[in-house]
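K.L.:
My structure is in start-v6.txt, and what it holds is compact mmCIF, C-alpha atoms:
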```
# COMPACT_ATOMS: atom_id res chain seq x y z
CA MET A 1 -2.00 20.82 -13.61
CA ILE A 2 -4.30 20.85 -10.59
CA LEU A 3 -7.35 18.76 -9.73
CA SER A 4 -9.43 20.38 -7.00
CA ILE A 5 -12.14 18.71 -4.93
CA ASP A 6 -14.15 21.31 -3.04
CA SER A 7 -16.74 20.36 -0.39
CA LEU A 8 -17.86 17.30 -2.37
CA SER A 9 -21.08 15.66 -1.19
CA VAL A 10 -22.62 12.49 -2.64
CA TYR A 11 -25.83 10.82 -1.55
CA LEU A 12 -26.82 7.27 -2.44
CA GLY A 13 -30.52 7.09 -1.71
CA TYR A 14 -31.06 9.05 1.49
CA LYS A 15 -27.58 8.41 2.89
CA GLU A 16 -24.76 10.91 2.50
CA ILE A 17 -21.77 8.76 1.51
CA LEU A 18 -19.32 11.63 1.02
CA LYS A 19 -19.83 14.44 3.50
CA GLY A 20 -19.29 17.78 1.86
CA GLY A 21 -18.18 19.57 4.99
CA ALA A 22 -15.04 17.43 5.12
CA MET A 23 -14.35 16.33 1.53
CA SER A 24 -11.91 18.81 0.03
CA PHE A 25 -8.38 18.39 -1.31
CA THR A 26 -6.20 19.23 -4.28
CA ALA A 27 -3.97 17.00 -6.37
CA ASN A 28 -1.07 18.29 -8.42
CA GLY A 29 0.62 16.93 -11.51
CA GLY A 30 3.44 14.59 -10.55
CA GLU A 31 1.70 13.21 -7.46
CA ILE A 32 0.55 9.72 -6.56
CA ILE A 33 -2.14 9.98 -3.90
CA GLY A 34 -3.35 6.93 -2.01
CA ILE A 35 -6.94 6.87 -0.70
CA LEU A 36 -7.21 4.65 2.36
CA GLY A 37 -9.91 3.72 4.83
CA PRO A 38 -12.06 0.84 6.04
CA ASN A 39 -14.75 -0.77 3.93
CA GLY A 40 -17.64 1.61 3.42
CA SER A 41 -15.60 4.74 4.10
CA GLY A 42 -16.30 6.20 0.64
CA LYS A 43 -13.11 5.41 -1.31
CA SER A 44 -14.81 3.97 -4.40
CA THR A 45 -17.58 6.59 -4.28
CA LEU A 46 -14.97 9.34 -4.26
CA LEU A 47 -13.24 7.99 -7.36
CA ARG A 48 -16.56 7.47 -9.14
CA ALA A 49 -17.61 11.03 -8.37
CA ILE A 50 -14.32 12.47 -9.63
CA SER A 51 -14.59 10.53 -12.89
CA GLY A 52 -18.25 11.45 -13.36
CA ILE A 53 -19.67 7.94 -13.15
CA ILE A 54 -21.93 9.31 -10.44
CA LYS A 55 -23.04 12.89 -9.93
CA ASN A 56 -22.16 14.89 -6.86
CA ASP A 57 -25.05 16.43 -4.94
CA ALA A 58 -23.05 19.40 -3.74
CA GLY A 59 -19.56 20.79 -4.04
CA ARG A 60 -17.36 21.25 -7.07
CA ILE A 61 -14.69 19.37 -9.00
CA THR A 62 -12.36 21.43 -11.15
CA PHE A 63 -9.44 20.55 -13.38
CA ASP A 64 -7.05 23.37 -14.17
CA GLY A 65 -9.66 25.79 -12.87
CA LYS A 66 -12.50 24.53 -15.06
CA ASP A 67 -15.62 22.91 -13.63
CA THR A 68 -15.84 19.29 -14.83
CA GLU A 69 -19.60 18.93 -14.22
CA PRO A 70 -20.72 20.39 -17.60
CA LEU A 71 -18.31 18.23 -19.61
CA LYS A 72 -19.69 15.75 -22.12
CA THR A 73 -18.76 12.09 -21.73
CA LYS A 74 -16.00 12.14 -24.35
CA GLU A 75 -14.53 15.37 -23.00
CA ARG A 76 -14.43 13.92 -19.50
CA ALA A 77 -12.83 10.72 -20.81
CA ARG A 78 -9.97 12.79 -22.21
CA ILE A 79 -9.22 13.99 -18.67
CA PHE A 80 -10.03 11.01 -16.44
CA ALA A 81 -9.21 7.34 -16.97
CA HIS A 82 -10.90 5.26 -14.28
CA VAL A 83 -10.30 1.59 -13.50
CA THR A 84 -13.02 0.34 -11.16
CA GLN A 85 -12.98 -2.58 -8.73
CA SER A 86 -15.56 -4.42 -10.80
CA GLU A 87 -13.88 -4.20 -14.20
CA HIS A 88 -14.80 -7.21 -16.30
CA PHE A 89 -15.00 -8.07 -19.96
CA ALA A 90 -18.31 -9.50 -21.10
CA ALA A 91 -17.57 -9.69 -24.85
CA ALA A 92 -14.99 -11.98 -26.45
CA TYR A 93 -12.65 -9.34 -27.84
CA THR A 94 -8.93 -9.92 -28.12
CA VAL A 95 -6.67 -8.27 -25.59
CA LEU A 96 -5.33 -5.84 -28.22
CA GLU A 97 -8.86 -4.87 -29.25
CA SER A 98 -9.82 -4.33 -25.62
CA VAL A 99 -6.81 -2.12 -24.87
CA LEU A 100 -7.35 -0.22 -28.11
CA MET A 101 -10.81 0.81 -26.85
CA GLY A 102 -8.99 3.19 -24.54
CA ARG A 103 -8.24 5.31 -27.58
CA TYR A 104 -11.94 5.90 -28.35
CA PRO A 105 -12.21 9.30 -26.58
CA HIS A 106 -9.54 10.66 -28.93
CA LEU A 107 -11.33 9.64 -32.14
CA ARG A 108 -13.46 11.98 -34.20
CA ARG A 109 -16.91 10.83 -35.27
CA PHE A 110 -16.72 7.84 -37.65
CA GLU A 111 -12.91 7.87 -37.42
CA ASN A 112 -11.12 4.51 -37.32
CA TYR A 113 -8.19 3.65 -35.10
CA SER A 114 -4.92 4.78 -36.65
CA ALA A 115 -1.53 3.11 -36.71
CA GLN A 116 -0.54 5.52 -33.93
CA ASP A 117 -3.50 4.40 -31.81
CA ILE A 118 -2.47 0.77 -32.28
CA GLU A 119 1.12 1.58 -31.31
CA ILE A 120 -0.05 3.42 -28.17
CA ALA A 121 -2.12 0.35 -27.23
CA ARG A 122 0.86 -1.93 -27.73
CA ILE A 123 3.11 0.31 -25.63
CA SER A 124 0.49 0.29 -22.86
CA MET A 125 0.41 -3.50 -22.97
CA ARG A 126 4.19 -3.73 -22.72
CA ARG A 127 4.15 -1.50 -19.64
CA LEU A 128 1.83 -4.06 -18.00
CA SER A 129 3.93 -7.06 -19.12
CA LEU A 130 1.24 -8.18 -21.58
CA GLU A 131 3.55 -8.93 -24.49
CA GLY A 132 2.24 -11.94 -26.39
CA PHE A 133 -1.33 -11.42 -25.18
CA GLU A 134 -2.50 -9.53 -28.28
CA LYS A 135 -4.65 -12.33 -29.72
CA ARG A 136 -5.82 -13.88 -26.47
CA ILE A 137 -9.52 -13.55 -25.67
CA VAL A 138 -10.22 -11.36 -22.65
CA THR A 139 -13.09 -13.52 -21.39
CA GLU A 140 -10.65 -16.45 -21.08
CA LEU A 141 -8.10 -14.63 -18.91
CA SER A 142 -7.50 -15.08 -15.20
CA GLY A 143 -8.66 -12.39 -12.79
CA GLY A 144 -5.18 -10.95 -12.46
CA GLU A 145 -4.61 -10.92 -16.21
CA SER A 146 -7.97 -9.19 -16.76
CA ALA A 147 -7.03 -6.55 -14.19
CA ARG A 148 -3.81 -5.81 -16.04
CA VAL A 149 -5.67 -5.51 -19.35
CA ALA A 150 -8.12 -3.04 -17.77
CA ILE A 151 -5.23 -0.92 -16.51
CA ALA A 152 -3.48 -1.12 -19.90
CA ARG A 153 -6.68 0.15 -21.52
CA ALA A 154 -6.67 3.10 -19.09
CA LEU A 155 -3.03 3.82 -19.95
CA ALA A 156 -3.90 3.81 -23.65
CA GLN A 157 -6.55 6.44 -22.89
CA ASP A 158 -3.59 8.76 -22.17
CA THR A 159 -5.33 11.12 -19.75
CA PRO A 160 -3.75 13.62 -17.35
CA VAL A 161 -5.58 11.99 -14.41
CA LEU A 162 -5.59 8.26 -13.68
CA LEU A 163 -8.03 6.91 -11.07
CA LEU A 164 -7.39 3.37 -9.81
CA ASP A 165 -9.77 1.54 -7.48
CA GLU A 166 -7.90 -1.29 -5.73
CA PRO A 167 -5.59 -1.78 -8.75
CA THR A 168 -3.53 -4.53 -7.11
CA ALA A 169 -6.33 -6.50 -5.42
CA ALA A 170 -6.18 -9.43 -7.88
CA LEU A 171 -2.43 -9.33 -8.46
CA ASP A 172 0.52 -11.18 -7.00
CA PRO A 173 3.38 -9.16 -5.45
CA LYS A 174 5.40 -9.01 -8.69
CA TYR A 175 2.61 -7.44 -10.71
CA SER A 176 1.44 -5.29 -7.80
CA LEU A 177 4.86 -3.67 -7.69
CA ASN A 178 4.85 -3.36 -11.48
CA ILE A 179 1.53 -1.48 -11.39
CA MET A 180 2.87 0.96 -8.83
CA ARG A 181 6.13 1.35 -10.76
CA VAL A 182 4.10 2.32 -13.83
CA ALA A 183 2.09 4.72 -11.65
CA ARG A 184 5.36 6.37 -10.59
CA GLU A 185 6.47 6.65 -14.22
CA LEU A 186 3.18 8.35 -15.09
CA ALA A 187 3.54 10.76 -12.18
CA ASP A 188 7.09 11.52 -13.29
CA GLU A 189 5.60 12.43 -16.68
CA GLY A 190 3.47 15.03 -14.88
CA LYS A 191 0.22 13.09 -14.55
CA ILE A 192 -1.96 12.82 -11.44
CA VAL A 193 -2.52 9.31 -10.09
CA ILE A 194 -5.12 8.69 -7.39
CA ALA A 195 -5.49 5.13 -6.15
CA ALA A 196 -7.73 3.54 -3.54
CA ILE A 197 -5.53 0.98 -1.80
CA HIS A 198 -6.10 -1.56 0.98
CA ASP A 199 -2.47 -2.69 1.31
CA MET A 200 -1.04 -0.27 3.85
CA ASN A 201 2.59 -1.16 3.22
CA LEU A 202 2.24 -0.87 -0.55
CA ALA A 203 0.53 2.49 -0.06
CA MET A 204 3.35 3.81 2.12
CA LEU A 205 5.94 2.47 -0.32
CA ALA A 206 4.49 3.70 -3.59
CA THR A 207 2.62 6.97 -2.97
CA ASP A 208 3.52 10.56 -2.17
CA ARG A 209 0.47 11.39 -0.05
CA LEU A 210 -2.13 9.40 1.81
CA ILE A 211 -5.68 10.63 2.33
CA PHE A 212 -7.48 8.69 5.05
CA LEU A 213 -11.26 8.44 4.91
CA LYS A 214 -13.68 7.32 7.59
CA GLU A 215 -17.46 7.43 7.31
CA GLY A 216 -17.33 9.67 4.26
CA THR A 217 -15.00 12.20 5.86
CA ILE A 218 -11.36 13.07 5.23
CA ILE A 219 -9.66 12.46 8.55
CA SER A 220 -6.07 13.07 7.50
CA ASP A 221 -4.11 14.19 4.43
CA ARG A 222 -0.41 13.68 4.99
CA ALA A 223 2.86 12.67 3.36
CA SER A 224 3.19 8.90 3.07
CA GLY A 225 6.25 8.90 5.28
CA ASP A 226 4.37 10.63 8.09
CA VAL A 227 1.99 7.76 8.90
CA ASP A 228 1.98 6.73 12.53
CA GLY A 229 0.20 4.21 14.70
CA ARG A 230 -2.26 6.74 16.09
CA ILE A 231 -3.85 7.61 12.77
CA LEU A 232 -4.00 3.94 11.74
CA GLU A 233 -5.68 2.92 14.98
CA TYR A 234 -8.20 5.74 14.69
CA ILE A 235 -9.05 4.86 11.08
CA TYR A 236 -9.19 1.07 11.41
CA ASP A 237 -10.18 0.68 15.08
CA ILE A 238 -7.31 -1.68 15.85
CA PRO A 239 -3.77 -0.99 17.13
CA TRP A 240 -0.81 -1.06 14.75
CA GLU A 241 2.92 -1.33 15.14
CA LEU A 242 5.27 0.44 12.72
CA PHE A 243 8.90 -0.37 11.97
CA THR A 244 11.57 1.31 9.88
CA THR A 245 13.37 -1.09 7.58
CA GLY A 246 15.46 -1.37 4.42
CA THR A 247 18.16 0.79 2.91
CA ASN A 248 15.67 3.61 2.27
CA ASN A 249 14.38 3.63 5.87
CA ARG A 250 10.86 2.81 4.71
CA LYS A 251 8.12 2.33 7.25
CA VAL A 252 6.17 -0.92 7.42
CA ALA A 253 2.98 -1.37 9.44
CA PHE A 254 1.42 -4.44 11.05
CA PRO A 255 -2.02 -4.67 12.70
CA LEU A 256 -1.80 -6.18 16.17
CA GLU A 257 -5.24 -7.80 16.27
```
Write the structure described by the file as structure tokens, please.
P.N.:
Amino acid sequence: MILSIDSLSVYLGYKEILKGGAMSFTANGGEIIGILGPNGSGKSTLLRAISGIIKNDAGRITFDGKDTEPLKTKERARIFAHVTQSEHFAAAYTVLESVLMGRYPHLRRFENYSAQDIEIARISMRRLSLEGFEKRIVTELSGGESARVAIARALAQDTPVLLLDEPTAALDPKYSLNIMRVARELADEGKIVIAAIHDMNLAMLATDRLIFLKEGTIISDRASGDVDGRILEYIYDIPWELFTTGTNNRKVAFPLE
């Protein structure tokens, strides 16, 4: 299972947000890839282009050798599950109903949700520690709870590629680690997980590869354990200090200004 991004270019208005001359990489089944970079570097745009929310102006996205551009919406939704930064629930559905909506791409026309669909939704909720939330109304949840419901809905979609845009931004450390643990479980099942992350230490802890963006360009694509202060200073324009800590000799990074 291979997702390939080849010379991807995206314009918003007259500005090229993703620069096709330096926007190419591949992702393999079993990998968690972190997308990092300062605000405005193109992280969210990249994920939106991969999922098809926005169209690319040049370049090509393929999944298992097939161009994704001609795919219909439902076909694309059987490949990519995308949780955006701005996920919110405007209608007063229950949590179970909201998570169950992730099963929609798998339904035939006029088909109702099956008992299997409901069980998949419940399993997805349990993975996000949402037991007991089934009848709660999504519009009455906290920001962190809503974020977990949105991710549970994406899990219920059961796609080979999961795209997460700042999945832990609204979460406390416990649930942040839980999200990344679930991401690892999905990767171990052979799925591709690509996540835009701001937390450098969480990114180094929980991913296999880190792709650093700056001004719409891929600056570096490296193993998570190979991060050093030079690349961080170049990307973020401030110096960093890295330490090795813990029983697994994990690196941790701290900005110095």
K.L.:
Using only C-alpha atoms, which of A:Ala156, A:Leu213, A:Ala150, A:Ile197 sits nearest A:Tyr234?
P.N.:
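Residue with the minimum atom-to-atom distance to A:Tyr234: A:Leu213.
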K.L.:
For A:Thr68, please output as a count of residues only all residues within 12 Å (counting only C-alpha atoms; exclusion window: fewer than 3 positions along the same chain).
P.N.:
26
K.L.:
Calculated over all atoms listed in the file, which of the candidates A:Gly132, A:Pro160, A:Pro167, A:Gly30 has the smallest distance to A:Ala147?
P.N.:
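Once distances to A:Ala147 are computed over all atoms listed in the file, the minimum belongs to A:Pro167.
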K.L.:
At a cut-off of 12 Å from (6.2, 10.2, 7.5) in the coordinates of the file, what residues are picked up using all atoms listed in the file, written as a PyMOL selection string?
P.N.:
chain A and resi 204-205+207-210+221-229+231+242-244+249-252
K.L.:
Between atom CA of A:Leu256 and atom CA of A:Ile194, what distance in Å does the model show, to one decimal?
P.N.:
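It comes out at 28.1 Å.
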K.L.:
Give me, please, the distance in Å between atom CA of A:Ile120 and atom CA of A:Pro105, quoted to one decimal.
P.N.:
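Between these atoms lies a distance of 13.6 Å.
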K.L.:
Quick one: distance from atom CA of A:Asn39 to atom CA of A:Asp172 in Å, one decimal?
P.N.:
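Atom-to-atom, atom CA of A:Asn39 and atom CA of A:Asp172 are spaced 21.5 Å apart.
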K.L.:
Closest to A:Arg153 among A:Glu134, A:Glu97, A:Asp165, A:Glu189, using only C-alpha atoms?
P.N.:
A:Glu97
